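Student: So here's start21.cif (mmCIF, C-alpha atoms).
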data_structure
#
loop_
_atom_site.group_PDB
_atom_site.id
_atom_site.type_symbol
_atom_site.label_atom_id
_atom_site.label_comp_id
_atom_site.auth_asym_id
_atom_site.auth_seq_id
_atom_site.Cartn_x
_atom_site.Cartn_y
_atom_site.Cartn_z
ATOM 1 C CA ASP A 32 -75.973 153.728 -40.760
ATOM 2 C CA GLN A 33 -72.290 153.407 -41.528
ATOM 3 C CA GLN A 34 -70.284 154.031 -38.391
ATOM 4 C CA VAL A 35 -66.926 153.488 -40.113
ATOM 5 C CA LYS A 36 -66.487 155.048 -43.523
ATOM 6 C CA GLN A 37 -63.783 154.620 -46.112
ATOM 7 C CA ASN A 38 -64.837 157.056 -48.773
ATOM 8 C CA SER A 39 -62.228 156.108 -51.371
ATOM 9 C CA PRO A 40 -63.038 152.746 -52.968
ATOM 10 C CA SER A 41 -59.654 152.683 -54.684
ATOM 11 C CA LEU A 42 -56.240 154.329 -54.708
ATOM 12 C CA SER A 43 -53.385 153.995 -57.166
ATOM 13 C CA VAL A 44 -49.790 155.040 -56.379
ATOM 14 C CA GLN A 45 -46.344 154.570 -57.850
ATOM 15 C CA GLU A 46 -43.826 152.261 -56.237
ATOM 16 C CA GLY A 47 -41.634 154.141 -53.777
ATOM 17 C CA ARG A 48 -44.165 156.904 -53.155
ATOM 18 C CA ILE A 49 -46.410 157.360 -50.127
ATOM 19 C CA SER A 50 -49.839 155.732 -49.913
ATOM 20 C CA ILE A 51 -52.388 157.432 -47.657
ATOM 21 C CA LEU A 52 -55.593 155.605 -46.839
ATOM 22 C CA ASN A 53 -58.306 157.436 -44.949
ATOM 23 C CA CYS A 54 -61.038 156.388 -42.566
ATOM 24 C CA ASP A 55 -63.746 158.368 -40.756
ATOM 25 C CA TYR A 56 -65.949 157.218 -37.906
ATOM 26 C CA THR A 57 -69.103 158.568 -36.325
ATOM 27 C CA ASN A 58 -69.396 156.635 -33.058
ATOM 28 C CA SER A 59 -67.695 158.593 -30.280
ATOM 29 C CA MET A 60 -67.595 155.444 -28.134
ATOM 30 C CA PHE A 61 -64.961 153.895 -30.398
ATOM 31 C CA ASP A 62 -61.603 153.847 -28.612
ATOM 32 C CA TYR A 63 -59.519 151.335 -30.524
ATOM 33 C CA PHE A 64 -58.859 151.266 -34.242
ATOM 34 C CA LEU A 65 -57.290 148.697 -36.509
ATOM 35 C CA TRP A 66 -56.221 148.313 -40.096
ATOM 36 C CA TYR A 67 -56.504 144.976 -41.854
ATOM 37 C CA LYS A 68 -55.064 144.032 -45.229
ATOM 38 C CA LYS A 69 -56.768 141.546 -47.505
ATOM 39 C CA TYR A 70 -55.449 139.787 -50.598
ATOM 40 C CA PRO A 71 -57.887 138.116 -53.036
ATOM 41 C CA ALA A 72 -59.124 134.682 -51.916
ATOM 42 C CA GLU A 73 -57.573 135.130 -48.464
ATOM 43 C CA GLY A 74 -58.860 136.258 -45.098
ATOM 44 C CA PRO A 75 -58.008 139.689 -43.718
ATOM 45 C CA THR A 76 -54.725 139.946 -41.829
ATOM 46 C CA PHE A 77 -54.004 142.408 -39.052
ATOM 47 C CA LEU A 78 -51.677 145.236 -40.007
ATOM 48 C CA ILE A 79 -51.534 147.889 -37.309
ATOM 49 C CA SER A 80 -53.696 149.370 -34.570
ATOM 50 C CA ILE A 81 -53.987 152.476 -32.423
ATOM 51 C CA SER A 82 -55.629 153.244 -29.120
ATOM 52 C CA SER A 83 -57.527 156.491 -28.626
ATOM 53 C CA ILE A 84 -54.989 157.571 -25.989
ATOM 54 C CA LYS A 85 -52.419 157.940 -28.778
ATOM 55 C CA ASP A 86 -52.356 159.993 -31.950
ATOM 56 C CA LYS A 87 -49.719 158.007 -33.814
ATOM 57 C CA ASN A 88 -48.451 154.460 -34.004
ATOM 58 C CA GLU A 89 -45.646 153.294 -36.230
ATOM 59 C CA ASP A 90 -44.545 149.856 -37.379
ATOM 60 C CA GLY A 91 -41.874 149.796 -40.034
ATOM 61 C CA ARG A 92 -43.244 151.268 -43.250
ATOM 62 C CA PHE A 93 -46.736 151.604 -41.763
ATOM 63 C CA THR A 94 -47.923 154.509 -39.625
ATOM 64 C CA VAL A 95 -51.433 155.148 -38.393
ATOM 65 C CA PHE A 96 -52.512 158.634 -37.340
ATOM 66 C CA LEU A 97 -55.586 159.339 -35.234
ATOM 67 C CA ASN A 98 -57.364 162.695 -35.010
ATOM 68 C CA LYS A 99 -60.031 162.212 -32.352
ATOM 69 C CA SER A 100 -61.550 165.666 -32.675
ATOM 70 C CA ALA A 101 -62.141 165.072 -36.374
ATOM 71 C CA LYS A 102 -63.022 161.396 -35.855
ATOM 72 C CA HIS A 103 -60.532 160.576 -38.573
ATOM 73 C CA LEU A 104 -57.672 158.167 -38.950
ATOM 74 C CA SER A 105 -55.250 157.508 -41.741
ATOM 75 C CA LEU A 106 -52.779 154.819 -42.700
ATOM 76 C CA HIS A 107 -49.517 155.897 -44.308
ATOM 77 C CA ILE A 108 -47.350 153.427 -46.183
ATOM 78 C CA VAL A 109 -43.872 154.663 -47.007
ATOM 79 C CA PRO A 110 -42.367 153.620 -49.331
ATOM 80 C CA SER A 111 -45.130 151.790 -51.129
ATOM 81 C CA GLN A 112 -44.252 148.449 -52.714
ATOM 82 C CA PRO A 113 -46.113 146.377 -55.343
ATOM 83 C CA GLY A 114 -46.688 143.700 -52.683
ATOM 84 C CA ASP A 115 -48.755 146.241 -50.747
ATOM 85 C CA SER A 116 -51.445 146.026 -53.433
ATOM 86 C CA ALA A 117 -54.498 144.743 -51.563
ATOM 87 C CA VAL A 118 -57.778 145.849 -50.028
ATOM 88 C CA TYR A 119 -57.317 147.723 -46.754
ATOM 89 C CA PHE A 120 -60.072 147.694 -44.170
ATOM 90 C CA CYS A 121 -60.384 150.133 -41.321
ATOM 91 C CA ALA A 122 -62.088 148.714 -38.200
ATOM 92 C CA ALA A 123 -63.090 150.125 -34.826
ATOM 93 C CA ARG A 124 -64.374 148.980 -31.468
ATOM 94 C CA GLY A 125 -65.443 150.675 -28.257
ATOM 95 C CA GLY A 126 -65.141 150.085 -24.515
ATOM 96 C CA SER A 127 -65.743 146.545 -23.298
ATOM 97 C CA ASN A 128 -67.465 145.661 -26.555
ATOM 98 C CA TYR A 129 -64.972 143.508 -28.425
ATOM 99 C CA LYS A 130 -66.972 143.454 -31.622
ATOM 100 C CA LEU A 131 -65.346 145.196 -34.560
ATOM 101 C CA THR A 132 -67.141 147.495 -36.982
ATOM 102 C CA PHE A 133 -65.534 147.502 -40.419
ATOM 103 C CA GLY A 134 -65.426 150.023 -43.224
ATOM 104 C CA LYS A 135 -66.076 148.966 -46.825
ATOM 105 C CA GLY A 136 -62.398 148.876 -47.693
ATOM 106 C CA THR A 137 -60.051 150.678 -50.077
ATOM 107 C CA LEU A 138 -58.343 148.845 -52.929
ATOM 108 C CA LEU A 139 -54.715 149.984 -53.082
ATOM 109 C CA THR A 140 -52.792 149.378 -56.278
ATOM 110 C CA VAL A 141 -49.057 150.060 -56.243
ATOM 111 C CA ASN A 142 -47.668 150.297 -59.744
ATOM 112 C CA PRO A 143 -44.061 149.268 -60.449
ATOM 113 C CA ASN B 237 -50.011 125.845 -35.717
ATOM 114 C CA ALA B 238 -52.619 126.235 -38.477
ATOM 115 C CA GLY B 239 -54.407 129.269 -37.011
ATOM 116 C CA VAL B 240 -58.022 129.504 -38.166
ATOM 117 C CA THR B 241 -59.173 126.945 -40.713
ATOM 118 C CA GLN B 242 -62.465 126.920 -42.607
ATOM 119 C CA THR B 243 -64.153 124.285 -44.719
ATOM 120 C CA PRO B 244 -65.350 124.125 -47.403
ATOM 121 C CA LYS B 245 -63.592 126.788 -49.507
ATOM 122 C CA PHE B 246 -66.423 126.925 -52.032
ATOM 123 C CA ARG B 247 -70.012 125.701 -52.087
ATOM 124 C CA ILE B 248 -73.036 126.091 -54.331
ATOM 125 C CA LEU B 249 -76.424 125.523 -52.717
ATOM 126 C CA LYS B 250 -79.924 125.412 -54.090
ATOM 127 C CA ILE B 251 -82.599 127.571 -52.508
ATOM 128 C CA GLY B 252 -83.984 125.871 -49.417
ATOM 129 C CA GLN B 253 -81.017 123.577 -48.856
ATOM 130 C CA SER B 254 -79.093 123.611 -45.619
ATOM 131 C CA MET B 255 -75.419 123.378 -44.814
ATOM 132 C CA THR B 256 -72.871 123.901 -42.071
ATOM 133 C CA LEU B 257 -69.738 125.992 -42.495
ATOM 134 C CA GLN B 258 -66.955 124.643 -40.329
ATOM 135 C CA CYS B 259 -64.449 126.746 -38.414
ATOM 136 C CA THR B 260 -61.626 125.529 -36.186
ATOM 137 C CA GLN B 261 -58.865 127.421 -34.406
ATOM 138 C CA ASP B 262 -55.832 125.958 -32.656
ATOM 139 C CA MET B 263 -54.661 129.059 -30.799
ATOM 140 C CA ASN B 264 -56.759 128.441 -27.667
ATOM 141 C CA HIS B 265 -58.614 131.684 -28.279
ATOM 142 C CA ASN B 266 -61.716 132.266 -26.198
ATOM 143 C CA TYR B 267 -63.595 134.560 -28.602
ATOM 144 C CA MET B 268 -64.746 133.433 -32.038
ATOM 145 C CA TYR B 269 -66.700 135.288 -34.720
ATOM 146 C CA TRP B 270 -68.520 134.756 -37.992
ATOM 147 C CA TYR B 271 -68.605 137.521 -40.597
ATOM 148 C CA ARG B 272 -69.992 137.817 -44.082
ATOM 149 C CA GLN B 273 -68.602 140.036 -46.806
ATOM 150 C CA ASP B 274 -70.793 141.034 -49.711
ATOM 151 C CA PRO B 275 -69.210 142.509 -52.876
ATOM 152 C CA GLY B 276 -67.985 146.058 -52.320
ATOM 153 C CA MET B 277 -68.937 145.963 -48.665
ATOM 154 C CA GLY B 278 -67.137 145.636 -45.380
ATOM 155 C CA LEU B 279 -67.376 142.657 -43.090
ATOM 156 C CA LYS B 280 -70.604 142.334 -41.152
ATOM 157 C CA LEU B 281 -70.769 140.336 -37.931
ATOM 158 C CA ILE B 282 -73.252 137.457 -37.969
ATOM 159 C CA TYR B 283 -72.664 135.758 -34.599
ATOM 160 C CA TYR B 284 -69.932 135.621 -32.023
ATOM 161 C CA SER B 285 -68.988 133.516 -29.024
ATOM 162 C CA VAL B 286 -67.099 134.491 -25.873
ATOM 163 C CA GLY B 287 -66.400 130.906 -24.875
ATOM 164 C CA ALA B 288 -67.642 127.342 -25.107
ATOM 165 C CA GLY B 289 -71.397 127.231 -24.590
ATOM 166 C CA ILE B 290 -71.909 130.998 -24.994
ATOM 167 C CA THR B 291 -73.007 132.637 -28.239
ATOM 168 C CA ASP B 292 -74.641 135.931 -29.140
ATOM 169 C CA LYS B 293 -76.077 137.678 -32.176
ATOM 170 C CA GLY B 294 -74.139 140.170 -34.216
ATOM 171 C CA GLU B 295 -75.364 142.670 -36.780
ATOM 172 C CA VAL B 296 -76.938 140.269 -39.337
ATOM 173 C CA PRO B 297 -77.957 137.000 -37.575
ATOM 174 C CA ASN B 298 -81.208 136.231 -39.443
ATOM 175 C CA GLY B 299 -81.110 132.942 -41.334
ATOM 176 C CA TYR B 300 -78.145 131.575 -39.382
ATOM 177 C CA ASN B 301 -77.482 129.544 -36.268
ATOM 178 C CA VAL B 302 -74.319 128.776 -34.345
ATOM 179 C CA SER B 303 -73.125 126.548 -31.555
ATOM 180 C CA ARG B 304 -69.904 126.404 -29.548
ATOM 181 C CA SER B 305 -69.453 123.100 -27.787
ATOM 182 C CA THR B 306 -65.651 123.295 -27.657
ATOM 183 C CA THR B 307 -63.076 126.064 -27.498
ATOM 184 C CA GLU B 308 -61.729 125.098 -30.917
ATOM 185 C CA ASP B 309 -64.856 124.801 -33.061
ATOM 186 C CA PHE B 310 -67.507 127.321 -34.041
ATOM 187 C CA PRO B 311 -69.747 126.014 -36.848
ATOM 188 C CA LEU B 312 -72.232 128.230 -38.675
ATOM 189 C CA ARG B 313 -75.494 126.657 -39.819
ATOM 190 C CA LEU B 314 -77.698 127.820 -42.696
ATOM 191 C CA GLU B 315 -81.072 126.083 -42.430
ATOM 192 C CA LEU B 316 -82.990 127.315 -45.488
ATOM 193 C CA ALA B 317 -80.560 128.846 -47.939
ATOM 194 C CA ALA B 318 -81.717 131.967 -49.770
ATOM 195 C CA PRO B 319 -80.056 133.915 -52.618
ATOM 196 C CA SER B 320 -79.480 136.793 -50.168
ATOM 197 C CA GLN B 321 -77.033 134.538 -48.340
ATOM 198 C CA THR B 322 -74.697 134.429 -51.324
ATOM 199 C CA SER B 323 -71.527 135.874 -49.840
ATOM 200 C CA VAL B 324 -68.031 135.135 -48.606
ATOM 201 C CA TYR B 325 -68.007 133.966 -45.004
ATOM 202 C CA PHE B 326 -65.066 134.532 -42.691
ATOM 203 C CA CYS B 327 -64.478 133.000 -39.308
ATOM 204 C CA ALA B 328 -62.172 134.756 -36.852
ATOM 205 C CA SER B 329 -60.858 134.253 -33.344
ATOM 206 C CA SER B 330 -59.182 136.364 -30.696
ATOM 207 C CA LEU B 331 -57.818 136.073 -27.193
ATOM 208 C CA VAL B 332 -59.602 138.416 -24.820
ATOM 209 C CA GLY B 333 -58.015 138.664 -21.409
ATOM 210 C CA THR B 334 -57.537 141.093 -18.577
ATOM 211 C CA ARG B 335 -55.511 143.395 -20.850
ATOM 212 C CA GLY B 336 -58.354 143.621 -23.322
ATOM 213 C CA GLN B 337 -58.676 142.222 -26.756
ATOM 214 C CA ASP B 338 -55.889 140.779 -28.787
ATOM 215 C CA THR B 339 -56.231 141.091 -32.550
ATOM 216 C CA GLN B 340 -58.734 139.026 -34.456
ATOM 217 C CA TYR B 341 -57.213 136.346 -36.666
ATOM 218 C CA PHE B 342 -59.192 135.369 -39.737
ATOM 219 C CA GLY B 343 -59.624 132.164 -41.665
ATOM 220 C CA PRO B 344 -59.325 132.052 -45.478
ATOM 221 C CA GLY B 345 -63.063 132.245 -46.046
ATOM 222 C CA THR B 346 -65.852 130.155 -47.594
ATOM 223 C CA ARG B 347 -67.387 131.401 -50.828
ATOM 224 C CA LEU B 348 -71.069 130.435 -50.867
ATOM 225 C CA THR B 349 -73.431 130.791 -53.817
ATOM 226 C CA VAL B 350 -77.159 130.130 -53.458
ATOM 227 C CA LEU B 351 -79.018 129.566 -56.723
#
Hey, can you dump this file as structure tokens for me?
Tutor:
Amino acid sequence: DQQVKQNSPSLSVQEGRISILNCDYTNSMFDYFLWYKKYPAEGPTFLISISSIKDKNEDGRFTVFLNKSAKHLSLHIVPSQPGDSAVYFCAARGGSNYKLTFGKGTLLTVNP
Amino acid sequence: NAGVTQTPKFRILKIGQSMTLQCTQDMNHNYMYWYRQDPGMGLKLIYYSVGAGITDKGEVPNGYNVSRSTTEDFPLRLELAAPSQTSVYFCASSLVGTRGQDTQYFGPGTRLTVL
């Protein structure tokens, strides 16, 4: 039973354009969401997060949007750069449970 | 400040062998975690620890054991390696305080193959 779903295994965009990565969740107890970025042969690194009390959080080129009614969040990267090419994982946790539940990841390729 | 370090980076085991994956963090984080990532899959939690001397099972604990005798170290033990344990293993740590959880910081991973 996948509680965090990333339905697009891969995404390809041109440099300078917007990248939109999507994530859906089923557990209504989740109240904190994170995006991690992973390069090959490295561990995941934290990118950006959002609490369920917000619907948007921005950090430079990265913006995460949360739609609680739809149980959907998205990561926008503008403008996309070749160095953004990596696997992006969506993760979620709920309440006092600090354990993260991860999606399967989306491979983003940004073409020069 | 090295963050989270893991050894070894790679290992090949024969079925039935045992080994310990080492994990050390120098950030004085109280929580530590072990995950495995199978090809095309997300990270699945094996075990976690909320502090020295306290560990608990995650989503996929069968075939593994952990201990946490110090704040810094959180080794993962495989007693009887099986091909199903072929995976990439990530250790992570975070600082959980009165404000709630800080982000989890990950090590570079250990790629394990069981033949």
Student: Go ahead and compute the interatomic distance for CA of Thr349 (chain B) and CA of Phe246 (chain B), in Å to one decimal.
Tutor: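 Separation of CA of Thr349 (chain B) and CA of Phe246 (chain B): 8.2 Å.
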Student: What residues come out when you apply the PyMOL selection byres ((chain A and resi 51-60) around 7) to this file, written as an NGL selection string?
Tutor: :A and (34-37 or 49-50 or 61-62 or 102-108 or 121 or 125-126)
Student: What would the selection look like, as a list of chain:residue names, if the PyMOL selection byres ((chain B) within 6 of (chain A)) were run on the coordinates I just shared?
Tutor: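 Going through the file, the PyMOL selection byres ((chain B) within 6 of (chain A)) ends up selecting B:Met277, B:Gly278, B:Leu279, B:Phe342, B:Gly343, B:Pro344, B:Gly345.
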Student: Quote the spacing between CA of Asp292 (chain B) and CA of Ile251 (chain B) in Å to one decimal place.
Tutor: 26.1 Å
Student: So, with all atoms listed in the file as the atoms that count, which of B:Gln253, B:Ser303, B:Lys293, B:Cys259 lies closest to Leu316 (chain B)?
Tutor: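 Using all atoms listed in the file, Leu316 (chain B) sits closest to B:Gln253.
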Student: Quick one: everything within 10 Å of Ser305 (chain B), counting all atoms listed in the file, minus sequence neighbours fewer than 6 positions away in the same chain. Send it as a PyMOL selection string.
Tutor: chain B and resi 287-290+311
Student: Determine the residue membership of the PyMOL selection byres ((chain A and resi 111) around 7) for the file above and supply it as a list in words.
Tutor: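 Here the PyMOL selection byres ((chain A and resi 111) around 7) matches Glu46, Gly47, Arg48, Ile49, Ser50, Ile108, Val109, Pro110, Gln112, Pro113, Asp115 and Val141 of chain A.
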Student: Any idea what the distance is between CA of Ser83 (chain A) and CA of Tyr119 (chain A)?
Tutor: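 Separation between CA of Ser83 (chain A) and CA of Tyr119 (chain A): 20.1 Å.
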Student: Which residue, B:Glu295, B:Asp274, B:Glu315, B:Asp262, has the smallest gap to Gln242 (chain B) when you use all atoms listed in the file?
Tutor: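 Closest candidate: B:Asp262.
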Student: Determine, counting all atoms listed in the file, every residue of protein, DNA or RNA that lies within 7 Å of (-63.9, 135.2, -31.8) in the file coordinates, then give the result as a PDB file with C-alpha atoms, in the coordinates of the input.
Tutor:
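This went into result26.pdb:
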ATOM      1  CA  ASN B 266     -61.716 132.266 -26.198  1.00  0.00           C
ATOM      2  CA  TYR B 267     -63.595 134.560 -28.602  1.00  0.00           C
ATOM      3  CA  MET B 268     -64.746 133.433 -32.038  1.00  0.00           C
ATOM      4  CA  TYR B 269     -66.700 135.288 -34.720  1.00  0.00           C
ATOM      5  CA  TYR B 284     -69.932 135.621 -32.023  1.00  0.00           C
ATOM      6  CA  SER B 285     -68.988 133.516 -29.024  1.00  0.00           C
ATOM      7  CA  VAL B 286     -67.099 134.491 -25.873  1.00  0.00           C
ATOM      8  CA  ALA B 328     -62.172 134.756 -36.852  1.00  0.00           C
ATOM      9  CA  SER B 329     -60.858 134.253 -33.344  1.00  0.00           C
ATOM     10  CA  SER B 330     -59.182 136.364 -30.696  1.00  0.00           C
ATOM     11  CA  GLN B 340     -58.734 139.026 -34.456  1.00  0.00           C
TER      12      GLN B 340
END
Student: Got a moment to write region 66-131 of chain A out with C-alpha atoms, as an mmCIF file, in the first residue's frame?
Tutor:
data_model
loop_
_atom_site.group_PDB
_atom_site.id
_atom_site.type_symbol
_atom_site.label_atom_id
_atom_site.label_comp_id
_atom_site.auth_asym_id
_atom_site.auth_seq_id
_atom_site.Cartn_x
_atom_site.Cartn_y
_atom_site.Cartn_z
ATOM 1 C CA TRP A 66 11.508 16.910 -1.234
ATOM 2 C CA TYR A 67 14.901 15.253 -1.460
ATOM 3 C CA LYS A 68 17.273 15.275 -4.414
ATOM 4 C CA LYS A 69 19.573 12.372 -5.154
ATOM 5 C CA TYR A 70 22.537 12.166 -7.514
ATOM 6 C CA PRO A 71 23.908 8.747 -8.570
ATOM 7 C CA ALA A 72 26.173 7.093 -5.980
ATOM 8 C CA GLU A 73 25.265 9.705 -3.359
ATOM 9 C CA GLY A 74 22.787 9.868 -0.514
ATOM 10 C CA PRO A 75 19.626 11.950 -0.779
ATOM 11 C CA THR A 76 19.971 15.611 0.165
ATOM 12 C CA PHE A 77 17.195 17.765 1.561
ATOM 13 C CA LEU A 78 15.798 20.314 -0.863
ATOM 14 C CA ILE A 79 12.674 21.964 0.503
ATOM 15 C CA SER A 80 9.769 21.218 2.821
ATOM 16 C CA ILE A 81 6.261 22.412 3.601
ATOM 17 C CA SER A 82 3.997 22.138 6.600
ATOM 18 C CA SER A 83 0.305 21.380 6.158
ATOM 19 C CA ILE A 84 -0.567 24.802 7.604
ATOM 20 C CA LYS A 85 0.858 26.376 4.439
ATOM 21 C CA ASP A 86 0.031 25.962 0.776
ATOM 22 C CA LYS A 87 3.283 27.288 -0.654
ATOM 23 C CA ASN A 88 6.926 27.488 0.303
ATOM 24 C CA GLU A 89 9.620 29.062 -1.805
ATOM 25 C CA ASP A 90 13.401 28.837 -1.720
ATOM 26 C CA GLY A 91 15.200 30.437 -4.616
ATOM 27 C CA ARG A 92 14.400 28.550 -7.808
ATOM 28 C CA PHE A 93 12.425 25.905 -5.905
ATOM 29 C CA THR A 94 8.784 26.225 -4.876
ATOM 30 C CA VAL A 95 6.613 23.561 -3.317
ATOM 31 C CA PHE A 96 2.827 23.787 -3.511
ATOM 32 C CA LEU A 97 0.483 21.812 -1.279
ATOM 33 C CA ASN A 98 -3.180 21.107 -2.029
ATOM 34 C CA LYS A 99 -4.498 19.376 1.081
ATOM 35 C CA SER A 100 -7.990 18.761 -0.251
ATOM 36 C CA ALA A 101 -6.540 16.913 -3.229
ATOM 37 C CA LYS A 102 -3.753 15.335 -1.156
ATOM 38 C CA HIS A 103 -1.324 16.555 -3.777
ATOM 39 C CA LEU A 104 1.925 18.443 -3.750
ATOM 40 C CA SER A 105 4.210 19.619 -6.485
ATOM 41 C CA LEU A 106 7.749 20.897 -6.795
ATOM 42 C CA HIS A 107 8.428 23.653 -9.310
ATOM 43 C CA ILE A 108 11.947 24.423 -10.467
ATOM 44 C CA VAL A 109 12.322 27.663 -12.383
ATOM 45 C CA PRO A 110 14.483 28.048 -14.367
ATOM 46 C CA SER A 111 15.685 24.492 -14.721
ATOM 47 C CA GLN A 112 19.434 23.951 -15.021
ATOM 48 C CA PRO A 113 21.421 20.899 -16.208
ATOM 49 C CA GLY A 114 22.777 20.525 -12.659
ATOM 50 C CA ASP A 115 19.212 19.885 -11.495
ATOM 51 C CA SER A 116 19.282 16.528 -13.290
ATOM 52 C CA ALA A 117 18.777 13.992 -10.501
ATOM 53 C CA VAL A 118 16.180 11.752 -8.897
ATOM 54 C CA TYR A 119 13.682 13.674 -6.774
ATOM 55 C CA PHE A 120 11.953 11.954 -3.889
ATOM 56 C CA CYS A 121 8.813 13.179 -2.214
ATOM 57 C CA ALA A 122 8.520 12.235 1.485
ATOM 58 C CA ALA A 123 5.889 12.732 4.170
ATOM 59 C CA ARG A 124 5.427 12.317 7.892
ATOM 60 C CA GLY A 125 2.570 12.774 10.333
ATOM 61 C CA GLY A 126 2.055 14.071 13.867
ATOM 62 C CA SER A 127 4.608 13.001 16.460
ATOM 63 C CA ASN A 128 5.782 10.182 14.218
ATOM 64 C CA TYR A 129 9.133 11.332 12.877
ATOM 65 C CA LYS A 130 9.457 8.488 10.422
ATOM 66 C CA LEU A 131 9.382 9.499 6.777
#
